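J.: If it helps, the file is called work.pdb and holds PDB, C-alpha atoms:
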```pdb
ATOM      1  CA  MET Q   1      18.358 -16.911  -2.801
ATOM      2  CA  LYS Q   2      18.312 -14.698  -5.877
ATOM      3  CA  SER Q   3      16.379 -11.475  -6.041
ATOM      4  CA  SER Q   4      15.665  -8.837  -8.677
ATOM      5  CA  VAL Q   5      14.624  -5.268  -8.024
ATOM      6  CA  ILE Q   6      12.769  -3.581 -10.883
ATOM      7  CA  VAL Q   7      13.767   0.049 -11.425
ATOM      8  CA  PHE Q   8      11.514   2.626 -13.102
ATOM      9  CA  PRO Q   9      12.155   6.288 -13.800
ATOM     10  CA  GLY Q  10      11.069   7.837 -10.498
ATOM     11  CA  SER Q  11      11.712   4.791  -8.292
ATOM     12  CA  ASN Q  12      13.437   6.064  -5.155
ATOM     13  CA  CYS Q  13      13.436   3.155  -2.720
ATOM     14  CA  ASP Q  14      15.222   0.789  -5.094
ATOM     15  CA  ARG Q  15      18.610   1.230  -3.441
ATOM     16  CA  ASP Q  16      17.166   0.931   0.065
ATOM     17  CA  ILE Q  17      15.609  -2.430  -0.771
ATOM     18  CA  ALA Q  18      18.822  -3.564  -2.481
ATOM     19  CA  VAL Q  19      20.802  -2.720   0.688
ATOM     20  CA  ALA Q  20      18.281  -4.607   2.821
ATOM     21  CA  LEU Q  21      18.331  -7.658   0.529
ATOM     22  CA  GLU Q  22      22.123  -7.767   0.392
ATOM     23  CA  LYS Q  23      22.343  -7.394   4.158
ATOM     24  CA  MET Q  24      20.148 -10.498   4.355
ATOM     25  CA  GLN Q  25      22.473 -12.352   1.951
ATOM     26  CA  PHE Q  26      20.227 -12.267  -1.114
ATOM     27  CA  LYS Q  27      22.122 -12.238  -4.397
ATOM     28  CA  ASN Q  28      20.459  -9.182  -5.835
ATOM     29  CA  GLN Q  29      20.296  -7.652  -9.301
ATOM     30  CA  MET Q  30      18.773  -4.377 -10.401
ATOM     31  CA  VAL Q  31      16.597  -4.657 -13.525
ATOM     32  CA  TRP Q  32      15.758  -1.582 -15.629
ATOM     33  CA  HIS Q  33      12.109  -1.425 -16.733
ATOM     34  CA  LYS Q  34      12.989  -1.515 -20.442
ATOM     35  CA  GLU Q  35      14.563  -4.967 -20.144
ATOM     36  CA  THR Q  36      12.605  -7.776 -21.736
ATOM     37  CA  LYS Q  37      14.224 -10.601 -19.779
ATOM     38  CA  LEU Q  38      14.438 -11.164 -16.076
ATOM     39  CA  PRO Q  39      17.485 -12.745 -14.473
ATOM     40  CA  LYS Q  40      16.635 -16.040 -12.775
ATOM     41  CA  SER Q  41      14.994 -14.912  -9.549
ATOM     42  CA  ASP Q  42      13.378 -16.480  -6.503
ATOM     43  CA  LEU Q  43      12.064 -13.077  -5.463
ATOM     44  CA  ILE Q  44      11.133 -10.025  -7.538
ATOM     45  CA  VAL Q  45      10.710  -6.716  -5.735
ATOM     46  CA  VAL Q  46       8.797  -3.783  -7.178
ATOM     47  CA  PRO Q  47      10.122  -0.912  -5.057
ATOM     48  CA  GLY Q  48       8.656   2.316  -3.747
ATOM     49  CA  GLY Q  49       8.952   5.754  -5.254
ATOM     50  CA  PHE Q  50       7.041   7.841  -7.750
ATOM     51  CA  SER Q  51       7.352   5.930 -11.007
ATOM     52  CA  TYR Q  52       6.611   8.262 -13.925
ATOM     53  CA  GLY Q  53       5.803  11.036 -11.484
ATOM     54  CA  ASP Q  54       2.507   9.321 -10.578
ATOM     55  CA  TYR Q  55       1.136  10.504 -13.944
ATOM     56  CA  LEU Q  56      -2.405   9.341 -14.776
ATOM     57  CA  ARG Q  57      -2.687   7.288 -11.558
ATOM     58  CA  SER Q  58       0.027   6.052  -9.187
ATOM     59  CA  GLY Q  59       1.623   3.022 -10.815
ATOM     60  CA  ALA Q  60      -0.528   3.138 -13.967
ATOM     61  CA  ILE Q  61       2.266   3.799 -16.464
ATOM     62  CA  ALA Q  62       4.825   1.525 -14.788
ATOM     63  CA  GLY Q  63       2.172  -1.189 -14.759
ATOM     64  CA  LYS Q  64       2.315  -1.261 -18.577
ATOM     65  CA  SER Q  65       6.105  -1.282 -18.971
ATOM     66  CA  LEU Q  66       8.013  -3.942 -20.917
ATOM     67  CA  ILE Q  67       9.498  -5.798 -17.966
ATOM     68  CA  ILE Q  68       6.081  -6.114 -16.322
ATOM     69  CA  ASP Q  69       5.065  -8.794 -18.851
ATOM     70  CA  GLU Q  70       7.957 -10.875 -17.538
ATOM     71  CA  VAL Q  71       7.029 -10.144 -13.931
ATOM     72  CA  ILE Q  72       3.473 -11.322 -14.636
ATOM     73  CA  LYS Q  73       4.783 -14.513 -16.254
ATOM     74  CA  ALA Q  74       7.111 -15.172 -13.310
ATOM     75  CA  ALA Q  75       4.287 -14.488 -10.842
ATOM     76  CA  LYS Q  76       2.011 -16.962 -12.615
ATOM     77  CA  SER Q  77       4.707 -19.630 -12.404
ATOM     78  CA  GLY Q  78       4.950 -19.142  -8.642
ATOM     79  CA  CYS Q  79       7.871 -16.734  -8.260
ATOM     80  CA  LEU Q  80       7.666 -14.664  -5.073
ATOM     81  CA  ILE Q  81       6.749 -11.035  -5.742
ATOM     82  CA  LEU Q  82       6.938  -8.199  -3.215
ATOM     83  CA  GLY Q  83       5.506  -4.774  -4.017
ATOM     84  CA  ILE Q  84       6.236  -2.019  -1.521
ATOM     85  CA  CYS Q  85       4.419   1.335  -1.541
ATOM     86  CA  ASN Q  86       4.495   2.474  -5.201
ATOM     87  CA  GLY Q  87       5.341  -1.173  -5.937
ATOM     88  CA  PHE Q  88       2.023  -2.187  -4.350
ATOM     89  CA  GLN Q  89       0.240   0.431  -6.463
ATOM     90  CA  ILE Q  90       1.969  -0.925  -9.578
ATOM     91  CA  LEU Q  91       0.961  -4.516  -8.760
ATOM     92  CA  THR Q  92      -2.690  -3.479  -8.483
ATOM     93  CA  GLU Q  93      -2.426  -1.705 -11.848
ATOM     94  CA  THR Q  94      -1.053  -4.877 -13.465
ATOM     95  CA  GLY Q  95      -3.921  -6.925 -12.059
ATOM     96  CA  LEU Q  96      -1.560  -9.223 -10.128
ATOM     97  CA  LEU Q  97      -3.229  -7.922  -6.989
ATOM     98  CA  LYS Q  98      -6.851  -6.864  -6.895
ATOM     99  CA  GLY Q  99      -8.091  -3.602  -5.373
ATOM    100  CA  THR Q 100      -6.541  -0.186  -5.638
ATOM    101  CA  LEU Q 101      -4.908   2.573  -3.584
ATOM    102  CA  LEU Q 102      -6.797   5.859  -3.397
ATOM    103  CA  ARG Q 103      -5.629   9.261  -2.244
ATOM    104  CA  ASN Q 104      -5.163   9.411   1.541
ATOM    105  CA  LYS Q 105      -8.402  10.347   3.237
ATOM    106  CA  ASN Q 106      -6.896  13.493   4.796
ATOM    107  CA  LEU Q 107      -5.396  14.536   1.418
ATOM    108  CA  LYS Q 108      -1.941  14.745   2.974
ATOM    109  CA  PHE Q 109       1.298  12.989   2.184
ATOM    110  CA  ILE Q 110       1.971  10.955   5.319
ATOM    111  CA  ASN Q 111       5.522  10.112   6.332
ATOM    112  CA  LYS Q 112       5.727   8.565   9.790
ATOM    113  CA  ASP Q 113       6.373   5.362  11.676
ATOM    114  CA  VAL Q 114       3.101   3.553  12.321
ATOM    115  CA  CYS Q 115       2.135   0.299  13.995
ATOM    116  CA  ILE Q 116       0.926  -2.581  11.903
ATOM    117  CA  LYS Q 117      -0.372  -5.921  13.092
ATOM    118  CA  VAL Q 118       0.618  -9.223  11.475
ATOM    119  CA  ILE Q 119      -2.694 -10.817  10.473
ATOM    120  CA  ASN Q 120      -1.441 -13.865   8.583
ATOM    121  CA  ASN Q 121       1.893 -15.262   9.776
ATOM    122  CA  GLU Q 122       1.736 -18.488   7.778
ATOM    123  CA  THR Q 123       3.094 -17.360   4.412
ATOM    124  CA  ARG Q 124       6.491 -17.362   2.746
ATOM    125  CA  PHE Q 125       6.744 -13.668   3.635
ATOM    126  CA  SER Q 126       5.624 -13.743   7.250
ATOM    127  CA  LYS Q 127       6.409 -17.064   8.900
ATOM    128  CA  LYS Q 128       9.138 -15.601  11.127
ATOM    129  CA  TYR Q 129       6.624 -13.222  12.684
ATOM    130  CA  LYS Q 130       4.196 -14.167  15.431
ATOM    131  CA  LYS Q 131       0.484 -13.958  14.791
ATOM    132  CA  ASP Q 132      -0.848 -10.544  15.867
ATOM    133  CA  GLN Q 133       2.706  -9.283  16.401
ATOM    134  CA  ILE Q 134       2.873  -5.483  16.323
ATOM    135  CA  LEU Q 135       5.555  -3.962  14.106
ATOM    136  CA  LYS Q 136       6.594  -0.335  13.920
ATOM    137  CA  ILE Q 137       7.175   0.421  10.264
ATOM    138  CA  ASN Q 138       7.553   3.625   8.298
ATOM    139  CA  ILE Q 139       4.921   4.715   5.814
ATOM    140  CA  ALA Q 140       5.523   7.468   3.252
ATOM    141  CA  HIS Q 141       2.748   7.897   0.738
ATOM    142  CA  ASN Q 142       0.049  10.105  -0.698
ATOM    143  CA  GLU Q 143      -2.100   7.298  -2.153
ATOM    144  CA  GLY Q 144      -2.228   4.520   0.413
ATOM    145  CA  ASN Q 145      -5.938   4.355   1.043
ATOM    146  CA  PHE Q 146      -6.709   0.733   0.163
ATOM    147  CA  PHE Q 147     -10.049   0.199  -1.541
ATOM    148  CA  THR Q 148     -11.666  -2.799  -3.170
ATOM    149  CA  ASP Q 149     -15.071  -4.204  -4.024
ATOM    150  CA  HIS Q 150     -17.257  -6.179  -1.673
ATOM    151  CA  ASN Q 151     -16.502  -9.577  -3.254
ATOM    152  CA  HIS Q 152     -12.762  -9.104  -3.060
ATOM    153  CA  LEU Q 153     -12.949  -7.897   0.534
ATOM    154  CA  ASN Q 154     -14.859 -11.067   1.434
ATOM    155  CA  GLU Q 155     -12.280 -13.159  -0.427
ATOM    156  CA  LEU Q 156      -9.464 -11.440   1.486
ATOM    157  CA  LYS Q 157     -11.137 -12.305   4.775
ATOM    158  CA  ASP Q 158     -12.333 -15.813   3.929
ATOM    159  CA  LYS Q 159      -9.011 -16.950   2.488
ATOM    160  CA  ASN Q 160      -6.843 -15.178   5.071
ATOM    161  CA  LEU Q 161      -5.215 -12.929   2.461
ATOM    162  CA  ILE Q 162      -4.875  -9.835   4.624
ATOM    163  CA  ALA Q 163      -1.180  -9.550   5.496
ATOM    164  CA  PHE Q 164      -1.101  -6.521   7.799
ATOM    165  CA  LYS Q 165      -3.538  -4.048   9.332
ATOM    166  CA  TYR Q 166      -2.804  -0.619  10.790
ATOM    167  CA  SER Q 167      -3.245  -0.751  14.556
ATOM    168  CA  ASP Q 168      -2.195   1.076  17.700
ATOM    169  CA  GLU Q 169       0.728  -0.067  19.849
ATOM    170  CA  LYS Q 170      -1.517  -2.465  21.741
ATOM    171  CA  GLY Q 171      -2.862  -4.009  18.559
ATOM    172  CA  ASN Q 172      -6.264  -2.341  18.528
ATOM    173  CA  VAL Q 173      -7.447  -1.952  14.956
ATOM    174  CA  SER Q 174      -9.706   1.098  14.812
ATOM    175  CA  GLU Q 175     -10.476   4.311  12.993
ATOM    176  CA  ASN Q 176      -7.990   6.055  15.309
ATOM    177  CA  SER Q 177      -5.142   3.803  14.212
ATOM    178  CA  ASN Q 178      -5.967   4.149  10.521
ATOM    179  CA  PRO Q 179      -3.554   6.701   9.035
ATOM    180  CA  ASN Q 180      -4.933   6.940   5.504
ATOM    181  CA  GLY Q 181      -8.547   5.751   5.426
ATOM    182  CA  SER Q 182      -7.803   2.232   4.174
ATOM    183  CA  LEU Q 183     -10.740  -0.148   4.061
ATOM    184  CA  GLU Q 184     -10.744  -2.132   7.339
ATOM    185  CA  ASN Q 185      -7.278  -0.689   8.146
ATOM    186  CA  ILE Q 186      -5.682  -2.929   5.513
ATOM    187  CA  ALA Q 187      -1.954  -2.182   5.069
ATOM    188  CA  GLY Q 188      -0.952  -5.186   2.943
ATOM    189  CA  ILE Q 189      -2.554  -8.066   1.046
ATOM    190  CA  TYR Q 190      -1.669 -11.347  -0.664
ATOM    191  CA  ASN Q 191      -2.977 -12.788  -3.920
ATOM    192  CA  ALA Q 192      -4.956 -16.036  -3.728
ATOM    193  CA  ASN Q 193      -1.799 -18.181  -4.089
ATOM    194  CA  LYS Q 194       0.038 -16.119  -1.447
ATOM    195  CA  ASN Q 195       3.147 -15.774  -3.612
ATOM    196  CA  ILE Q 196       2.516 -12.053  -4.125
ATOM    197  CA  LEU Q 197       2.539  -9.519  -1.285
ATOM    198  CA  GLY Q 198       1.674  -5.859  -1.729
ATOM    199  CA  MET Q 199       2.113  -3.508   1.224
ATOM    200  CA  MET Q 200       2.221   0.245   1.757
ATOM    201  CA  PRO Q 201       4.620   0.259   4.778
ATOM    202  CA  HIS Q 202       8.359   0.080   4.076
ATOM    203  CA  PRO Q 203       9.997  -2.987   5.709
ATOM    204  CA  GLU Q 204      13.281  -2.215   3.916
ATOM    205  CA  ARG Q 205      13.604   0.928   6.040
ATOM    206  CA  MET Q 206      13.459  -1.135   9.229
ATOM    207  CA  VAL Q 207      16.473  -3.414   9.021
ATOM    208  CA  ASP Q 208      19.052  -1.445  10.996
ATOM    209  CA  GLU Q 209      18.808  -0.324  14.600
ATOM    210  CA  ILE Q 210      21.180   2.589  14.031
ATOM    211  CA  ILE Q 211      18.713   4.394  11.781
ATOM    212  CA  SER Q 212      15.353   2.893  12.750
ATOM    213  CA  ASN Q 213      14.547  -0.526  14.175
ATOM    214  CA  LYS Q 214      14.715  -4.138  13.031
ATOM    215  CA  ASP Q 215      10.997  -4.849  12.671
ATOM    216  CA  GLY Q 216      11.327  -5.369   8.912
ATOM    217  CA  ILE Q 217      14.048  -7.999   9.102
ATOM    218  CA  ASN Q 218      11.815 -11.005   9.652
ATOM    219  CA  LEU Q 219       9.992 -10.358   6.402
ATOM    220  CA  PHE Q 220      13.251 -10.929   4.540
ATOM    221  CA  SER Q 221      14.449 -13.763   6.768
ATOM    222  CA  SER Q 222      11.077 -15.505   6.315
ATOM    223  CA  LEU Q 223      11.794 -15.554   2.575
ATOM    224  CA  LEU Q 224      15.211 -17.094   3.020
ATOM    225  CA  ASN Q 225      14.199 -20.597   4.002
TER     226      ASN Q 225
ATOM    227  CA  MET P   1     -11.656  12.066 -35.562
ATOM    228  CA  LYS P   2     -11.684  13.682 -32.123
ATOM    229  CA  PHE P   3     -13.231  12.407 -28.962
ATOM    230  CA  SER P   4     -13.371  13.494 -25.371
ATOM    231  CA  VAL P   5     -13.257  11.080 -22.490
ATOM    232  CA  THR P   6     -14.521  12.104 -19.074
ATOM    233  CA  VAL P   7     -13.428   9.971 -16.155
ATOM    234  CA  THR P   8     -15.161  10.284 -12.806
ATOM    235  CA  LEU P   9     -14.995   8.388  -9.553
ATOM    236  CA  LYS P  10     -17.842   5.919  -9.063
ATOM    237  CA  LYS P  11     -20.689   7.032  -6.844
ATOM    238  CA  ASP P  12     -19.653   4.920  -3.857
ATOM    239  CA  VAL P  13     -16.016   5.982  -3.938
ATOM    240  CA  LEU P  14     -15.005   8.772  -1.597
ATOM    241  CA  ASP P  15     -13.759  11.856  -3.461
ATOM    242  CA  PRO P  16     -11.826  13.875  -0.873
ATOM    243  CA  GLN P  17     -10.538  16.399  -3.425
ATOM    244  CA  GLY P  18     -14.041  17.085  -4.707
ATOM    245  CA  LYS P  19     -15.196  17.506  -1.122
ATOM    246  CA  VAL P  20     -12.521  20.107  -0.363
ATOM    247  CA  VAL P  21     -13.334  22.037  -3.549
ATOM    248  CA  GLN P  22     -17.005  21.888  -2.630
ATOM    249  CA  ASN P  23     -16.405  23.160   0.912
ATOM    250  CA  THR P  24     -14.222  25.976  -0.388
ATOM    251  CA  LEU P  25     -16.873  27.126  -2.850
ATOM    252  CA  ILE P  26     -19.499  27.032  -0.109
ATOM    253  CA  ASN P  27     -17.180  29.061   2.139
ATOM    254  CA  MET P  28     -16.831  31.552  -0.718
ATOM    255  CA  GLY P  29     -20.559  32.112  -0.549
ATOM    256  CA  MET P  30     -21.816  29.846  -3.340
ATOM    257  CA  SER P  31     -24.437  28.368  -1.106
ATOM    258  CA  ASP P  32     -26.529  26.935  -3.960
ATOM    259  CA  LEU P  33     -23.957  24.214  -4.439
ATOM    260  CA  LYS P  34     -25.291  20.711  -3.822
ATOM    261  CA  SER P  35     -22.323  18.538  -4.671
ATOM    262  CA  ILE P  36     -19.099  18.364  -6.667
ATOM    263  CA  ARG P  37     -17.275  15.314  -7.969
ATOM    264  CA  GLN P  38     -13.809  15.896  -9.400
ATOM    265  CA  GLY P  39     -12.702  13.946 -12.477
ATOM    266  CA  LYS P  40     -10.328  13.822 -15.441
ATOM    267  CA  HIS P  41     -10.761  14.894 -19.032
ATOM    268  CA  PHE P  42      -8.913  13.561 -22.089
ATOM    269  CA  GLU P  43      -9.083  14.837 -25.659
ATOM    270  CA  ILE P  44      -8.099  12.118 -28.099
ATOM    271  CA  ASP P  45      -7.502  12.400 -31.820
ATOM    272  CA  VAL P  46      -7.444   9.156 -33.851
ATOM    273  CA  SER P  47      -6.835   8.618 -37.559
ATOM    274  CA  GLU P  48      -9.772   6.208 -37.933
ATOM    275  CA  ASN P  49     -12.620   7.766 -39.944
ATOM    276  CA  ASP P  50     -15.376   5.287 -39.133
ATOM    277  CA  GLN P  51     -16.999   6.566 -35.952
ATOM    278  CA  THR P  52     -18.092   3.142 -34.651
ATOM    279  CA  ILE P  53     -14.629   1.654 -35.081
ATOM    280  CA  ALA P  54     -12.985   4.778 -33.654
ATOM    281  CA  GLU P  55     -15.209   4.659 -30.584
ATOM    282  CA  LYS P  56     -14.301   1.015 -30.094
ATOM    283  CA  LYS P  57     -10.630   1.940 -30.149
ATOM    284  CA  ILE P  58     -11.128   4.750 -27.649
ATOM    285  CA  ASP P  59     -13.094   2.364 -25.470
ATOM    286  CA  GLU P  60     -10.175  -0.061 -25.516
ATOM    287  CA  MET P  61      -7.793   2.757 -24.515
ATOM    288  CA  CYS P  62     -10.077   3.560 -21.611
ATOM    289  CA  ARG P  63     -10.369   0.011 -20.383
ATOM    290  CA  LYS P  64      -6.685  -0.827 -20.791
ATOM    291  CA  LEU P  65      -5.063   2.305 -19.407
ATOM    292  CA  LEU P  66      -6.993   5.514 -18.964
ATOM    293  CA  VAL P  67      -9.560   4.247 -16.474
ATOM    294  CA  ASN P  68      -9.276   2.177 -13.323
ATOM    295  CA  LEU P  69     -12.544   0.272 -13.605
ATOM    296  CA  ILE P  70     -12.606  -0.621  -9.914
ATOM    297  CA  ILE P  71     -13.118   2.982  -8.890
ATOM    298  CA  GLU P  72     -13.856   5.014 -12.010
ATOM    299  CA  ASP P  73     -16.621   5.421 -14.630
ATOM    300  CA  TYR P  74     -16.079   7.002 -18.055
ATOM    301  CA  LYS P  75     -18.009   8.636 -20.860
ATOM    302  CA  ILE P  76     -16.869   8.952 -24.472
ATOM    303  CA  ASN P  77     -18.160  11.840 -26.602
ATOM    304  CA  LYS P  78     -17.381  12.868 -30.150
ATOM    305  CA  ILE P  79     -16.122  16.438 -30.434
TER     306      ILE P  79
END
```
Re-express the file's structure as structure tokens.

T.:
Amino acid sequence: MKSSVIVFPGSNCDRDIAVALEKMQFKNQMVWHKETKLPKSDLIVVPGGFSYGDYLRSGAIAGKSLIIDEVIKAAKSGCLILGICNGFQILTETGLLKGTLLRNKNLKFINKDVCIKVINNETRFSKKYKKDQILKINIAHNEGNFFTDHNHLNELKDKNLIAFKYSDEKGNVSENSNPNGSLENIAGIYNANKNILGMMPHPERMVDEIISNKDGINLFSSLLN
Amino acid sequence: MKFSVTVTLKKDVLDPQGKVVQNTLINMGMSDLKSIRQGKHFEIDVSENDQTIAEKKIDEMCRKLLVNLIIEDYKINKI
């Protein structure tokens, strides 16, 4: 399985995701944002960080970079795309995913391990998880407050496009388990074809028990077969 | 030709920064304050001399980059 990680000025989770992908036996390449061609890839990852210092809006400038045209083309032809944190923000700015990420409701940068619940476990990204499985995954963001219009929210629900929701350790999804004010506790979503996943939590940080836990591993192993 | 663009969050979108600024001003004794919405301001200079065409170009800039239409409204004014 071949993967590409897109690197922007200000990306800072690009090496973490590369380590995670290589650990899972992906043949990975790093792709600088000024490139105009993508290596042949089964998976493209848009990593976390602060591309262009979050100028204008998080992800807005990166969303117009040269390589993004190629990412959009690949996405439309069915390539798997994973956007994590700033990568999720960038995907919404490109229009590949609908909705947007607003400033956290409490106006604070939040960096902590939170529980998320697997809502849809029948996609290329999630089939190794159990339905309603609770994962403990790190979040680290200032703009993670998912927001979208009424029609899109209905589409997300009707077509089972919500990937993860913030919950407590028992799986209760409530205001109390919502770290950033996201609409309906949404932590990650798919596009209509389910080949694109955007999520604020960082699965690449959860692939090694020595430094965290292994709750992120099944996302990558789901992609492998 | 110079234009200003004012970008504000749509009415239904929560504006936590505006809220904090508002609360601070109220705490400072400005009790007349009813509400504050925080936004962004751009000043744009274009070489086009025809105002209608220039405004169209600015509008395109807004729609394509400067504004996130899901959450923001914008106003263009000649300056």

J.: Closest to Ile44 of chain P among P:Val20, P:Ile79, P:Val7, P:Ile70, using only C-alpha atoms?

T.: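 Residue with the minimum atom-to-atom distance to Ile44 of chain P: P:Ile79.
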
J.: Could you tell me which of P:Met1, P:Ala54, P:Leu14, P:Leu9 comes closest to Val67 of chain P if we count all atoms listed in the file?

T.: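 Closest residue, counting all atoms listed in the file: P:Leu9.
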
J.: Report the distance between atom CA of Val46 of chain Q and atom CA of Ile139 of chain Q in Å, rounded to one decimal place.

T.: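 Going from atom CA of Val46 of chain Q over to atom CA of Ile139 of chain Q, I get 16.0 Å.
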
J.: For this structure, which residues satisfy the selection - the PyMOL selection byres ((chain Q) within 12 of (chain P)) - when it is evaluated on the file as given? I want them as number ranges by chain.

T.: Q: 55-65, 89, 92-95, 98-108, 143, 145-152, 180-183

J.: Anything within 7 Å of (2.4, -9.7, 2.6): list those residues as number ranges by chain, counting only C-alpha atoms and sticking to the file's coordinates.

T.: Q: 125-126, 163, 188-190, 197-199

J.: Go through segment 47-99 of chain Q and flag each residue having an atom no more than 8 Å from segment 5-8 of chain Q; for those, report the closest pair of atoms plus their distance in Å to one decimal, using only C-alpha atoms, ordered by chain and rising number, as JSON lines.

T.:
```
{"residue": "Q:Pro47", "atom": "CA", "partner": "Q:Val5", "partner_atom": "CA", "distance": 6.9}
{"residue": "Q:Ser51", "atom": "CA", "partner": "Q:Phe8", "partner_atom": "CA", "distance": 5.7}
{"residue": "Q:Tyr52", "atom": "CA", "partner": "Q:Phe8", "partner_atom": "CA", "distance": 7.5}
{"residue": "Q:Ala62", "atom": "CA", "partner": "Q:Phe8", "partner_atom": "CA", "distance": 7.0}
```

J.: Within 8 Å of (-11.6, 17.0, -8.1), in the coordinates the file gives, what residues turn up when you count only C-alpha atoms, written out as a list in words?

T.: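 Checked against the point, the hits come out as Asp15, Pro16, Gln17, Gly18, Lys19, Val21, Ile36, Arg37, Gln38 and Gly39 of chain P.
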
J.: Using atom CA of Asp73 of chain P and atom CA of Ile162 of chain Q as the two end points, give the distance in Å to one decimal.

T.: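 Going from atom CA of Asp73 of chain P over to atom CA of Ile162 of chain Q covers 27.2 Å.
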
J.: Going by the chain IDs and residue numbers used in this file, which residues fall under the PyMOL selection byres ((chain Q and resi 74-88) around 6)? Write them as a list of chain:residue names.

T.: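 For this structure, the PyMOL selection byres ((chain Q and resi 74-88) around 6) resolves to Q:Asp42, Q:Leu43, Q:Ile44, Q:Val45, Q:Val46, Q:Pro47, Q:Gly48, Q:Gly49, Q:Val71, Q:Ile72, Q:Lys73, Q:Gln89, Q:Ile90, Q:Leu91, Q:Asn195, Q:Ile196, Q:Leu197, Q:Gly198, Q:Met199, Q:Met200.
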
J.: Could you please take those selected residues and save C-alpha atoms as a PDB file, in the coordinates of the input?

T.:
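Okay, this is what ended up in result.pdb:
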```pdb
ATOM      1  CA  ASP Q  42      13.378 -16.480  -6.503  1.00  0.00           C
ATOM      2  CA  LEU Q  43      12.064 -13.077  -5.463  1.00  0.00           C
ATOM      3  CA  ILE Q  44      11.133 -10.025  -7.538  1.00  0.00           C
ATOM      4  CA  VAL Q  45      10.710  -6.716  -5.735  1.00  0.00           C
ATOM      5  CA  VAL Q  46       8.797  -3.783  -7.178  1.00  0.00           C
ATOM      6  CA  PRO Q  47      10.122  -0.912  -5.057  1.00  0.00           C
ATOM      7  CA  GLY Q  48       8.656   2.316  -3.747  1.00  0.00           C
ATOM      8  CA  GLY Q  49       8.952   5.754  -5.254  1.00  0.00           C
ATOM      9  CA  VAL Q  71       7.029 -10.144 -13.931  1.00  0.00           C
ATOM     10  CA  ILE Q  72       3.473 -11.322 -14.636  1.00  0.00           C
ATOM     11  CA  LYS Q  73       4.783 -14.513 -16.254  1.00  0.00           C
ATOM     12  CA  GLN Q  89       0.240   0.431  -6.463  1.00  0.00           C
ATOM     13  CA  ILE Q  90       1.969  -0.925  -9.578  1.00  0.00           C
ATOM     14  CA  LEU Q  91       0.961  -4.516  -8.760  1.00  0.00           C
ATOM     15  CA  ASN Q 195       3.147 -15.774  -3.612  1.00  0.00           C
ATOM     16  CA  ILE Q 196       2.516 -12.053  -4.125  1.00  0.00           C
ATOM     17  CA  LEU Q 197       2.539  -9.519  -1.285  1.00  0.00           C
ATOM     18  CA  GLY Q 198       1.674  -5.859  -1.729  1.00  0.00           C
ATOM     19  CA  MET Q 199       2.113  -3.508   1.224  1.00  0.00           C
ATOM     20  CA  MET Q 200       2.221   0.245   1.757  1.00  0.00           C
TER      21      MET Q 200
END
```

J.: Show me, as a ChimeraX atom specification, the residues that have an atom within 8 Å of segment 15-23 of chain Q when counting all atoms listed in the file, minus same-chain residues fewer than 5 positions from it.

T.: /Q:3,5,28,30,47,204-205,207,220

J.: Rounded to one decimal in Å, what is the spacing between atom CA of Lys10 of chain P and atom CA of Leu33 of chain P?

T.: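 These atoms are spaced 19.8 Å apart.
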
J.: Hey, which of P:Lys34, P:Ser4, P:Lys78, P:Leu25 ends up closest to Gln51 of chain P? Count all atoms listed in the file.

T.: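 For Gln51 of chain P, the nearest of the candidates is P:Lys78.
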
J.: Output as JSON the centre and edge lengths (Å, one decimal) of the box along x, y and z of the file that holds every listed atom of segment 15-30 of chain P after adding 3 Å on each side.

T.:
```
{"center_x": -16.2, "center_y": 22.0, "center_z": -1.3, "size_x": 17.3, "size_y": 26.3, "size_z": 12.8}
```

J.: Set the distance at 10 Å and use only C-alpha atoms: which residues neighbour Gly216 of chain Q once local chain neighbours fewer than 6 positions away are removed? I'd like the list as a list in words.

T.: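 That gives Ala20, Tyr129, Leu135, Lys136, Ile137, Asn138, Pro201, His202, Pro203, Glu204, Arg205, Met206, Val207 and Asp208 of chain Q.
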
J.: Determine the residue set returned by the PyMOL selection byres ((chain P and resi 45) around 8) for the present structure, and present it as an NGL selection string.

T.: :P and (1-3 or 43-44 or 46-47)

J.: Output requested as a PDB file, keeping the file's coordinate frame - segment 36-43 of chain P, filled out with N, CA and C atoms.

T.:
```pdb
ATOM      1  N   ILE P  36     -20.116  18.335  -5.607  1.00  0.00           N
ATOM      2  CA  ILE P  36     -19.099  18.364  -6.667  1.00  0.00           C
ATOM      3  C   ILE P  36     -18.344  17.045  -6.655  1.00  0.00           C
ATOM      4  N   ARG P  37     -18.155  16.474  -7.843  1.00  0.00           N
ATOM      5  CA  ARG P  37     -17.275  15.314  -7.969  1.00  0.00           C
ATOM      6  C   ARG P  37     -16.175  15.711  -8.945  1.00  0.00           C
ATOM      7  N   GLN P  38     -14.925  15.538  -8.526  1.00  0.00           N
ATOM      8  CA  GLN P  38     -13.809  15.896  -9.400  1.00  0.00           C
ATOM      9  C   GLN P  38     -13.478  14.724 -10.309  1.00  0.00           C
ATOM     10  N   GLY P  39     -13.057  15.022 -11.553  1.00  0.00           N
ATOM     11  CA  GLY P  39     -12.702  13.946 -12.477  1.00  0.00           C
ATOM     12  C   GLY P  39     -11.552  14.319 -13.378  1.00  0.00           C
ATOM     13  N   LYS P  40     -11.389  13.556 -14.471  1.00  0.00           N
ATOM     14  CA  LYS P  40     -10.328  13.822 -15.441  1.00  0.00           C
ATOM     15  C   LYS P  40     -10.935  13.926 -16.829  1.00  0.00           C
ATOM     16  N   HIS P  41     -10.257  14.681 -17.683  1.00  0.00           N
ATOM     17  CA  HIS P  41     -10.761  14.894 -19.032  1.00  0.00           C
ATOM     18  C   HIS P  41      -9.639  14.647 -20.037  1.00  0.00           C
ATOM     19  N   PHE P  42      -9.897  13.817 -21.033  1.00  0.00           N
ATOM     20  CA  PHE P  42      -8.913  13.561 -22.089  1.00  0.00           C
ATOM     21  C   PHE P  42      -9.502  14.002 -23.424  1.00  0.00           C
ATOM     22  N   GLU P  43      -8.664  14.581 -24.275  1.00  0.00           N
ATOM     23  CA  GLU P  43      -9.083  14.837 -25.659  1.00  0.00           C
ATOM     24  C   GLU P  43      -8.208  13.982 -26.550  1.00  0.00           C
TER      25      GLU P  43
END
```
